[in-house]
Amino acid sequence: MSLSVAVKAKNSTLISLIRFFSVSSAASSSSSTVSLSPSGRLQQTLSGCVEVKGKSLHSGKLSTVKLLPEIAGAGRCFEFRSRSIPASIEFSQESPLCTTLFKDGLQIRTVEHLLSALEAKGVDNCRIQIESESADDREVEVPILDGSAKEWVDAIEEIGINVARNHVGESVEKMVTHLNKPVHVCKNDSFVAAFPSIETRITCGIDFPQVPAIGCQWFSWRPVRESCFEKDIAPSRTFCVYEEVERMREAGLIKGGSLENAIVCSAERGWMNPPLRFDDEPCRHKILDLIGDLSLVAREGNGGLPVAHIVAFKASHALHNDLARLLIIG
Ligand SMILES: [Zn+2]
């Protein structure tokens with residue numbers, strides 16, 4: 001199926017195609033859906049520590065994130081109020097407009113852009129200390145920064161990446177997840193499907209017929225070079241529809257939202273804060289989000305974004321998370 005056909009197809013046709021090609025569903029998934037195999041590279045971590053402070057998108061509060069090196073096999077883990085919350089799909093909870101980790105009554109919101117940068121840059125093991133502006137807060141949000149993953153990538157590049165060693169000082173080969181059979185999840189006219197492939201590729205589509213400046217966009221990306229993510233994906237910012245912003249504010253969301261941390265598009269007036277960094281910046285941002293959400297499949301420094309062709313259309317964080325649950329090694 002060529003992309004041009006997919007773009008022209010009606011939503012219902014796309015869903016039918018996915019169902020036709022996808023012989024497996026959420027209900028029939030088993031551990032043979034995925035397998036781990038050696039990647040040919042060693043598990044990595046950061047070479048040093050870096051601290052980033054900024055405003056939260058939803059609460060509007062300030063929070064501080066400190067990224068620290070971690071031993072091989074430890075994976076990526078948040079620390080909040082002296083408690084450990086692994087960046088794992090087991091602790092992910094559905095929440096509006098972002099991905100939230102929840103454990104022992106503590107919540108860490110909007111983890112996806114930071115995790116996307118760590119996953120794409122190959123930081124397999126990392127301790128992520130996070131603090132809210134009030135010491136007694138039971139929830140905290142990763143700073144939204146400019147709405148993209150650019151500043152996280154800059155921070156990672158500034159401190160550098162090193163081979164991680166385990167508790168006895170040995171390096172460990174990184175294992176990657178391979179998809180053995182197609183899987184998909186869908187809700188109404190949205191879907192995320194993953195197909196076996198010899199390489200990782202992500203194809204995302206969005207459709208906003210009521211907002212002509214966004215309209216229908218598709219973007220297909222594969223990490224052919226190490227610098228691809230920082231060039232093609234990381235700079236793409238969160239986007240929102242101007243006419244929906246007030247409704248979100250009334251629902252107590254995006255209190256920290258501004259023209260500095262999102263690109264805003266009006267149905268009638270077009271983009272409110274140009275220029276865009278890419279013509280298809282909203283669609284590229286969906287790929288950024290998807291990488292962050294699928295990074296939650298990683299365990300003990302292995303896995304993460306699978307070797308598969310992932311195709312998403314009008315997908316949400318909730319749907320990304322549903323797909324991630326199908327990709328867990330049994
Ligand atoms: Zn996002």
# chains A, B, ... in the order shown; residues from 1 in each chain; ligands from 1
call {"tool": "closest_atom_pairs", "arguments": {"of": "chain A", "to": "ligand 1", "cutoff": "12 Å", "atoms": "only C-alpha atoms and all ligand atoms", "output": "Markdown table"}}
result
| residue | atom | partner | partner_atom_place_in_ligand_line | distance |
| --- | --- | --- | --- | --- |
| A:Leu57 | CA | ligand 1 | 1 (Zn) | 10.6 |
| A:Pro96 | CA | ligand 1 | 1 (Zn) | 11.8 |
| A:Leu97 | CA | ligand 1 | 1 (Zn) | 8.2 |
| A:Cys98 | CA | ligand 1 | 1 (Zn) | 7.1 |
| A:Thr99 | CA | ligand 1 | 1 (Zn) | 9.1 |
| A:Arg109 | CA | ligand 1 | 1 (Zn) | 11.7 |
| A:Thr110 | CA | ligand 1 | 1 (Zn) | 8.0 |
| A:Val111 | CA | ligand 1 | 1 (Zn) | 9.2 |
| A:Glu112 | CA | ligand 1 | 1 (Zn) | 6.6 |
| A:His113 | CA | ligand 1 | 1 (Zn) | 6.1 |
| A:Leu114 | CA | ligand 1 | 1 (Zn) | 9.8 |
| A:Leu115 | CA | ligand 1 | 1 (Zn) | 10.9 |
| A:Ser116 | CA | ligand 1 | 1 (Zn) | 9.5 |
| A:Ala117 | CA | ligand 1 | 1 (Zn) | 11.7 |
| A:Val142 | CA | ligand 1 | 1 (Zn) | 11.6 |
| A:Pro143 | CA | ligand 1 | 1 (Zn) | 11.8 |
| A:Ile144 | CA | ligand 1 | 1 (Zn) | 9.0 |
| A:Leu145 | CA | ligand 1 | 1 (Zn) | 11.3 |
| A:Asp146 | CA | ligand 1 | 1 (Zn) | 10.8 |
| A:Gly147 | CA | ligand 1 | 1 (Zn) | 7.0 |
| A:Ser148 | CA | ligand 1 | 1 (Zn) | 7.0 |
| A:Ala149 | CA | ligand 1 | 1 (Zn) | 8.6 |
| A:Lys150 | CA | ligand 1 | 1 (Zn) | 12.0 |
| A:Ile233 | CA | ligand 1 | 1 (Zn) | 11.2 |
| A:Ala234 | CA | ligand 1 | 1 (Zn) | 10.3 |
| A:Pro235 | CA | ligand 1 | 1 (Zn) | 11.2 |
| A:Ser236 | CA | ligand 1 | 1 (Zn) | 8.9 |
| A:Arg237 | CA | ligand 1 | 1 (Zn) | 7.1 |
| A:Thr238 | CA | ligand 1 | 1 (Zn) | 5.0 |
| A:Phe239 | CA | ligand 1 | 1 (Zn) | 8.0 |
| A:Cys240 | CA | ligand 1 | 1 (Zn) | 10.3 |
| A:Asn261 | CA | ligand 1 | 1 (Zn) | 10.7 |
| A:Ala262 | CA | ligand 1 | 1 (Zn) | 9.4 |
| A:Ile263 | CA | ligand 1 | 1 (Zn) | 11.3 |
| A:Glu281 | CA | ligand 1 | 1 (Zn) | 11.4 |
| A:Pro282 | CA | ligand 1 | 1 (Zn) | 9.4 |
| A:Cys283 | CA | ligand 1 | 1 (Zn) | 10.6 |
| A:Arg284 | CA | ligand 1 | 1 (Zn) | 9.9 |
| A:His285 | CA | ligand 1 | 1 (Zn) | 6.2 |
| A:Lys286 | CA | ligand 1 | 1 (Zn) | 6.7 |
| A:Ile287 | CA | ligand 1 | 1 (Zn) | 8.8 |
| A:Leu288 | CA | ligand 1 | 1 (Zn) | 6.7 |
| A:Asp289 | CA | ligand 1 | 1 (Zn) | 4.8 |
| A:Leu290 | CA | ligand 1 | 1 (Zn) | 8.5 |
| A:Ile291 | CA | ligand 1 | 1 (Zn) | 10.1 |
| A:Gly292 | CA | ligand 1 | 1 (Zn) | 8.7 |
| A:Asp293 | CA | ligand 1 | 1 (Zn) | 9.8 |
| A:Ala315 | CA | ligand 1 | 1 (Zn) | 11.8 |
| A:Ser316 | CA | ligand 1 | 1 (Zn) | 10.0 |
| A:His317 | CA | ligand 1 | 1 (Zn) | 8.8 |
| A:His320 | CA | ligand 1 | 1 (Zn) | 12.0 |
call {"tool": "closest_residue", "arguments": {"among": "A:Ser227, A:Ser197, A:Ser59, A:Gln107", "to": "Ser92 of chain A", "atoms": "only C-alpha atoms"}}
result
A:Gln107
call {"tool": "residues_around", "arguments": {"residues": "segment 44-51 of chain A", "least_positions_apart": "4", "cutoff": "9 Å", "atoms": "only C-alpha atoms", "output": "ChimeraX atom specification"}}
result
/A:64-72,122-126,155-156,158-165,171-172,174,301
call {"tool": "write_last_selection", "arguments": {"atoms": "N, CA and C atoms", "output": "PDB file, in the first residue's frame"}}
result
ATOM      1  N   THR A  64      11.968  21.045  38.466  1.00  0.00           N
ATOM      2  CA  THR A  64      13.394  20.888  38.154  1.00  0.00           C
ATOM      3  C   THR A  64      13.682  19.424  37.884  1.00  0.00           C
ATOM      4  N   VAL A  65      14.379  19.165  36.784  1.00  0.00           N
ATOM      5  CA  VAL A  65      14.759  17.800  36.419  1.00  0.00           C
ATOM      6  C   VAL A  65      16.279  17.705  36.422  1.00  0.00           C
ATOM      7  N   LYS A  66      16.779  16.681  37.107  1.00  0.00           N
ATOM      8  CA  LYS A  66      18.224  16.425  37.077  1.00  0.00           C
ATOM      9  C   LYS A  66      18.437  15.051  36.461  1.00  0.00           C
ATOM     10  N   LEU A  67      19.204  14.998  35.366  1.00  0.00           N
ATOM     11  CA  LEU A  67      19.516  13.731  34.696  1.00  0.00           C
ATOM     12  C   LEU A  67      20.878  13.244  35.194  1.00  0.00           C
ATOM     13  N   LEU A  68      20.936  11.985  35.643  1.00  0.00           N
ATOM     14  CA  LEU A  68      22.176  11.442  36.196  1.00  0.00           C
ATOM     15  C   LEU A  68      22.513  10.094  35.548  1.00  0.00           C
ATOM     16  N   PRO A  69      23.808   9.733  35.525  1.00  0.00           N
ATOM     17  CA  PRO A  69      24.200   8.420  34.988  1.00  0.00           C
ATOM     18  C   PRO A  69      23.605   7.304  35.835  1.00  0.00           C
ATOM     19  N   GLU A  70      23.406   6.148  35.215  1.00  0.00           N
ATOM     20  CA  GLU A  70      22.887   4.981  35.930  1.00  0.00           C
ATOM     21  C   GLU A  70      23.617   3.741  35.423  1.00  0.00           C
ATOM     22  N   ILE A  71      23.705   2.696  36.264  1.00  0.00           N
ATOM     23  CA  ILE A  71      24.447   1.493  35.871  1.00  0.00           C
ATOM     24  C   ILE A  71      23.679   0.706  34.798  1.00  0.00           C
ATOM     25  N   ALA A  72      24.416  -0.098  34.024  1.00  0.00           N
ATOM     26  CA  ALA A  72      23.807  -0.954  32.992  1.00  0.00           C
ATOM     27  C   ALA A  72      22.835  -1.922  33.653  1.00  0.00           C
ATOM     28  N   GLY A 122      19.793   7.051  22.615  1.00  0.00           N
ATOM     29  CA  GLY A 122      20.453   5.832  23.085  1.00  0.00           C
ATOM     30  C   GLY A 122      20.894   5.889  24.534  1.00  0.00           C
ATOM     31  N   VAL A 123      20.201   6.705  25.349  1.00  0.00           N
ATOM     32  CA  VAL A 123      20.486   6.728  26.794  1.00  0.00           C
ATOM     33  C   VAL A 123      19.606   5.650  27.435  1.00  0.00           C
ATOM     34  N   ASP A 124      20.133   4.424  27.497  1.00  0.00           N
ATOM     35  CA  ASP A 124      19.338   3.268  27.932  1.00  0.00           C
ATOM     36  C   ASP A 124      19.137   3.239  29.443  1.00  0.00           C
ATOM     37  N   ASN A 125      20.086   3.799  30.155  1.00  0.00           N
ATOM     38  CA  ASN A 125      20.040   3.803  31.621  1.00  0.00           C
ATOM     39  C   ASN A 125      20.197   5.241  32.107  1.00  0.00           C
ATOM     40  N   CYS A 126      19.263   5.693  32.948  1.00  0.00           N
ATOM     41  CA  CYS A 126      19.319   7.089  33.392  1.00  0.00           C
ATOM     42  C   CYS A 126      18.486   7.253  34.654  1.00  0.00           C
ATOM     43  N   ALA A 155      20.725  19.140  26.105  1.00  0.00           N
ATOM     44  CA  ALA A 155      21.265  18.825  27.435  1.00  0.00           C
ATOM     45  C   ALA A 155      22.034  17.499  27.399  1.00  0.00           C
ATOM     46  N   ILE A 156      21.474  16.504  26.705  1.00  0.00           N
ATOM     47  CA  ILE A 156      22.127  15.183  26.609  1.00  0.00           C
ATOM     48  C   ILE A 156      23.450  15.312  25.851  1.00  0.00           C
ATOM     49  N   GLU A 158      25.274  17.963  25.550  1.00  0.00           N
ATOM     50  CA  GLU A 158      26.225  18.778  26.316  1.00  0.00           C
ATOM     51  C   GLU A 158      27.026  17.912  27.299  1.00  0.00           C
ATOM     52  N   ILE A 159      26.351  16.970  27.956  1.00  0.00           N
ATOM     53  CA  ILE A 159      27.093  16.143  28.927  1.00  0.00           C
ATOM     54  C   ILE A 159      27.710  14.905  28.290  1.00  0.00           C
ATOM     55  N   GLY A 160      27.160  14.446  27.171  1.00  0.00           N
ATOM     56  CA  GLY A 160      27.732  13.299  26.472  1.00  0.00           C
ATOM     57  C   GLY A 160      27.183  11.961  26.949  1.00  0.00           C
ATOM     58  N   ILE A 161      27.472  10.930  26.140  1.00  0.00           N
ATOM     59  CA  ILE A 161      26.956   9.578  26.392  1.00  0.00           C
ATOM     60  C   ILE A 161      28.144   8.620  26.485  1.00  0.00           C
ATOM     61  N   ASN A 162      28.036   7.682  27.403  1.00  0.00           N
ATOM     62  CA  ASN A 162      29.124   6.740  27.655  1.00  0.00           C
ATOM     63  C   ASN A 162      28.597   5.315  27.719  1.00  0.00           C
ATOM     64  N   VAL A 163      29.478   4.344  27.567  1.00  0.00           N
ATOM     65  CA  VAL A 163      29.088   2.945  27.795  1.00  0.00           C
ATOM     66  C   VAL A 163      28.741   2.790  29.279  1.00  0.00           C
ATOM     67  N   ALA A 164      27.611   2.126  29.555  1.00  0.00           N
ATOM     68  CA  ALA A 164      27.203   1.899  30.951  1.00  0.00           C
ATOM     69  C   ALA A 164      27.834   0.601  31.449  1.00  0.00           C
ATOM     70  N   ARG A 165      28.187   0.558  32.708  1.00  0.00           N
ATOM     71  CA  ARG A 165      28.745  -0.670  33.309  1.00  0.00           C
ATOM     72  C   ARG A 165      27.842  -1.111  34.442  1.00  0.00           C
ATOM     73  N   SER A 171      30.500  -4.157  30.926  1.00  0.00           N
ATOM     74  CA  SER A 171      29.570  -3.602  29.942  1.00  0.00           C
ATOM     75  C   SER A 171      28.568  -4.698  29.558  1.00  0.00           C
ATOM     76  N   VAL A 172      27.419  -4.273  29.050  1.00  0.00           N
ATOM     77  CA  VAL A 172      26.334  -5.213  28.750  1.00  0.00           C
ATOM     78  C   VAL A 172      25.807  -4.908  27.356  1.00  0.00           C
ATOM     79  N   LYS A 174      23.274  -4.292  24.498  1.00  0.00           N
ATOM     80  CA  LYS A 174      21.871  -3.838  24.445  1.00  0.00           C
ATOM     81  C   LYS A 174      21.063  -4.824  23.588  1.00  0.00           C
ATOM     82  N   GLY A 301      17.247  -1.518  30.613  1.00  0.00           N
ATOM     83  CA  GLY A 301      18.150  -0.992  29.583  1.00  0.00           C
ATOM     84  C   GLY A 301      17.999  -1.647  28.228  1.00  0.00           C
TER      85      GLY A 301
END
call {"tool": "closest_residue", "arguments": {"among": "A:Ser88, A:Lys55, A:Ser266, A:Arg225", "to": "Val245 of chain A", "atoms": "only C-alpha atoms"}}
result
A:Ser266
call {"tool": "atom_distance", "arguments": {"atom1": "atom CA of Asn321 of chain A", "atom2": "atom CA of Ile89 of chain A"}}
result
7.2 Å
call {"tool": "residues_around", "arguments": {"residues": "Pro38 of chain A", "least_positions_apart": "3", "cutoff": "9 Å", "atoms": "only C-alpha atoms", "output": "list of chain:residue names"}}
result
A:Arg41, A:Glu173, A:Lys174, A:Met175, A:Val176
call {"tool": "closest_residue", "arguments": {"among": "A:Phe208, A:Phe191, A:Trp152, A:Phe80", "to": "Glu139 of chain A", "atoms": "only C-alpha atoms"}}
result
A:Phe80
call {"tool": "closest_residue", "arguments": {"among": "A:Leu253, A:Ile214, A:Ala324, A:Ile329", "to": "Glu268 of chain A", "atoms": "only C-alpha atoms"}}
result
A:Ile214
call {"tool": "residues_around", "arguments": {"residues": "Val34 of chain A", "least_positions_apart": "5", "cutoff": "10 Å", "atoms": "only C-alpha atoms", "output": "list in words"}}
result
Ser29, Val176, Thr177, His178, Leu179, Asn180, Lys181, Pro182, Pro196, Pro306, Val307, Leu326, Leu327, Ile328, Ile329 and Gly330 of chain A
call {"tool": "atom_distance", "arguments": {"atom1": "atom CA of Phe229 of chain A", "atom2": "atom CA of Ser295 of chain A"}}
result
14.3 Å
call {"tool": "select_by_dssp", "arguments": {"residues": "segment 41-226 of chain A", "states": "strand (DSSP E)", "output": "PyMOL selection string"}}
result
chain A and resi 41-42+44-46+50-55+62-69+76-80+83-86+92-95+98-103+106-109+126-132+139-141+161-163+173-179+183-187+190-195+201-208+215-221
call {"tool": "select_by_dssp", "arguments": {"residues": "segment 221-263 of chain A", "states": "helix (DSSP H, G or I)", "output": "PyMOL selection string"}}
result
chain A and resi 228-233+242-250
call {"tool": "write_last_selection", "arguments": {"atoms": "N, CA and C atoms", "output": "short mmCIF file (atom, residue, chain, number, x, y, z; two decimals), in the first residue's frame"}}
result
data_model
loop_
_atom_site.label_atom_id
_atom_site.label_comp_id
_atom_site.auth_asym_id
_atom_site.auth_seq_id
_atom_site.Cartn_x
_atom_site.Cartn_y
_atom_site.Cartn_z
N CYS A 228 19.63 12.02 12.90
CA CYS A 228 18.29 12.19 12.32
C CYS A 228 17.27 12.76 13.29
N PHE A 229 17.27 12.21 14.50
CA PHE A 229 16.25 12.61 15.47
C PHE A 229 16.38 14.09 15.80
N GLU A 230 17.60 14.55 16.10
CA GLU A 230 17.74 15.97 16.47
C GLU A 230 17.44 16.91 15.31
N LYS A 231 17.63 16.42 14.09
CA LYS A 231 17.39 17.27 12.92
C LYS A 231 15.92 17.21 12.47
N ASP A 232 15.36 16.02 12.42
CA ASP A 232 14.04 15.84 11.79
C ASP A 232 12.86 15.88 12.76
N ILE A 233 13.08 15.44 14.00
CA ILE A 233 11.96 15.20 14.92
C ILE A 233 12.02 16.08 16.17
N TYR A 242 -6.47 26.81 18.46
CA TYR A 242 -6.81 28.01 19.25
C TYR A 242 -8.22 27.92 19.84
N GLU A 243 -9.17 27.50 19.03
CA GLU A 243 -10.57 27.47 19.46
C GLU A 243 -10.80 26.43 20.57
N GLU A 244 -9.87 25.49 20.74
CA GLU A 244 -10.03 24.46 21.79
C GLU A 244 -9.30 24.85 23.08
N VAL A 245 -8.45 25.88 22.99
CA VAL A 245 -7.61 26.24 24.13
C VAL A 245 -8.46 26.66 25.33
N GLU A 246 -9.47 27.52 25.09
CA GLU A 246 -10.31 27.99 26.19
C GLU A 246 -11.03 26.83 26.87
N ARG A 247 -11.49 25.90 26.05
CA ARG A 247 -12.19 24.73 26.59
C ARG A 247 -11.24 23.92 27.49
N MET A 248 -9.99 23.82 27.07
CA MET A 248 -9.00 23.08 27.87
C MET A 248 -8.69 23.83 29.17
N ARG A 249 -8.61 25.16 29.07
CA ARG A 249 -8.33 25.95 30.28
C ARG A 249 -9.46 25.79 31.29
N GLU A 250 -10.71 25.81 30.79
CA GLU A 250 -11.87 25.63 31.68
C GLU A 250 -11.83 24.27 32.36
#
call {"tool": "residues_around", "arguments": {"residues": "Ser84 of chain A", "least_positions_apart": "4", "cutoff": "12 Å", "atoms": "only C-alpha atoms", "output": "PyMOL selection string"}}
result
chain A and resi 74-80+88+91+101-108+127-130
call {"tool": "write_last_selection", "arguments": {"atoms": "N, CA and C atoms", "output": "CSV table (one decimal), in the first residue's frame"}}
result
chain,number,residue,atom,x,y,z
A,74,ALA,N,19.9,-1.1,34.8
A,74,ALA,CA,19.0,-0.4,35.7
A,74,ALA,C,17.8,0.2,34.9
A,75,GLY,N,18.0,0.6,33.6
A,75,GLY,CA,17.0,1.2,32.8
A,75,GLY,C,16.8,2.7,33.2
A,76,ARG,N,15.7,3.2,32.8
A,76,ARG,CA,15.4,4.6,33.0
A,76,ARG,C,14.4,4.7,34.2
A,77,CYS,N,14.7,5.5,35.1
A,77,CYS,CA,13.8,5.6,36.3
A,77,CYS,C,13.7,7.0,36.9
A,78,PHE,N,12.5,7.4,37.2
A,78,PHE,CA,12.3,8.7,37.8
A,78,PHE,C,12.5,8.6,39.3
A,79,GLU,N,12.9,9.7,40.0
A,79,GLU,CA,12.9,9.7,41.5
A,79,GLU,C,12.2,11.0,41.9
A,80,PHE,N,11.1,10.8,42.6
A,80,PHE,CA,10.3,11.9,43.1
A,80,PHE,C,9.9,11.7,44.5
A,88,SER,N,8.3,2.9,32.9
A,88,SER,CA,7.8,1.7,32.4
A,88,SER,C,6.3,1.7,32.1
A,91,PHE,N,3.5,1.4,34.8
A,91,PHE,CA,3.1,2.5,35.7
A,91,PHE,C,2.5,3.7,34.9
A,101,LEU,N,3.1,8.9,34.6
A,101,LEU,CA,3.5,7.7,35.4
A,101,LEU,C,2.9,7.8,36.8
A,102,PHE,N,2.4,6.7,37.4
A,102,PHE,CA,1.7,6.8,38.6
A,102,PHE,C,2.2,5.6,39.5
A,103,LYS,N,2.7,5.9,40.7
A,103,LYS,CA,3.1,4.8,41.6
A,103,LYS,C,3.0,5.3,43.1
A,104,ASP,N,2.5,4.5,43.9
A,104,ASP,CA,2.4,4.8,45.4
A,104,ASP,C,1.8,6.2,45.7
A,105,GLY,N,0.8,6.5,44.9
A,105,GLY,CA,0.1,7.8,45.1
A,105,GLY,C,0.8,9.0,44.6
A,106,LEU,N,1.9,8.8,43.9
A,106,LEU,CA,2.7,9.9,43.3
A,106,LEU,C,2.5,9.9,41.8
A,107,GLN,N,2.5,11.1,41.2
A,107,GLN,CA,2.3,11.2,39.7
A,107,GLN,C,3.4,12.0,39.1
A,108,ILE,N,3.9,11.6,37.9
A,108,ILE,CA,4.8,12.4,37.1
A,108,ILE,C,4.2,12.5,35.8
A,127,ARG,N,19.0,8.0,35.6
A,127,ARG,CA,18.3,8.3,36.8
A,127,ARG,C,17.7,9.8,36.6
A,128,ILE,N,16.4,9.9,36.7
A,128,ILE,CA,15.8,11.2,36.4
A,128,ILE,C,15.2,11.8,37.7
A,129,GLN,N,15.9,12.6,38.4
A,129,GLN,CA,15.4,13.2,39.7
A,129,GLN,C,14.5,14.4,39.3
A,130,ILE,N,13.3,14.5,39.9
A,130,ILE,CA,12.4,15.6,39.5
A,130,ILE,C,11.8,16.1,40.8
call {"tool": "atom_distance", "arguments": {"atom1": "atom CA of Val224 of chain A", "atom2": "atom CA of Leu276 of chain A"}}
result
24.1 Å
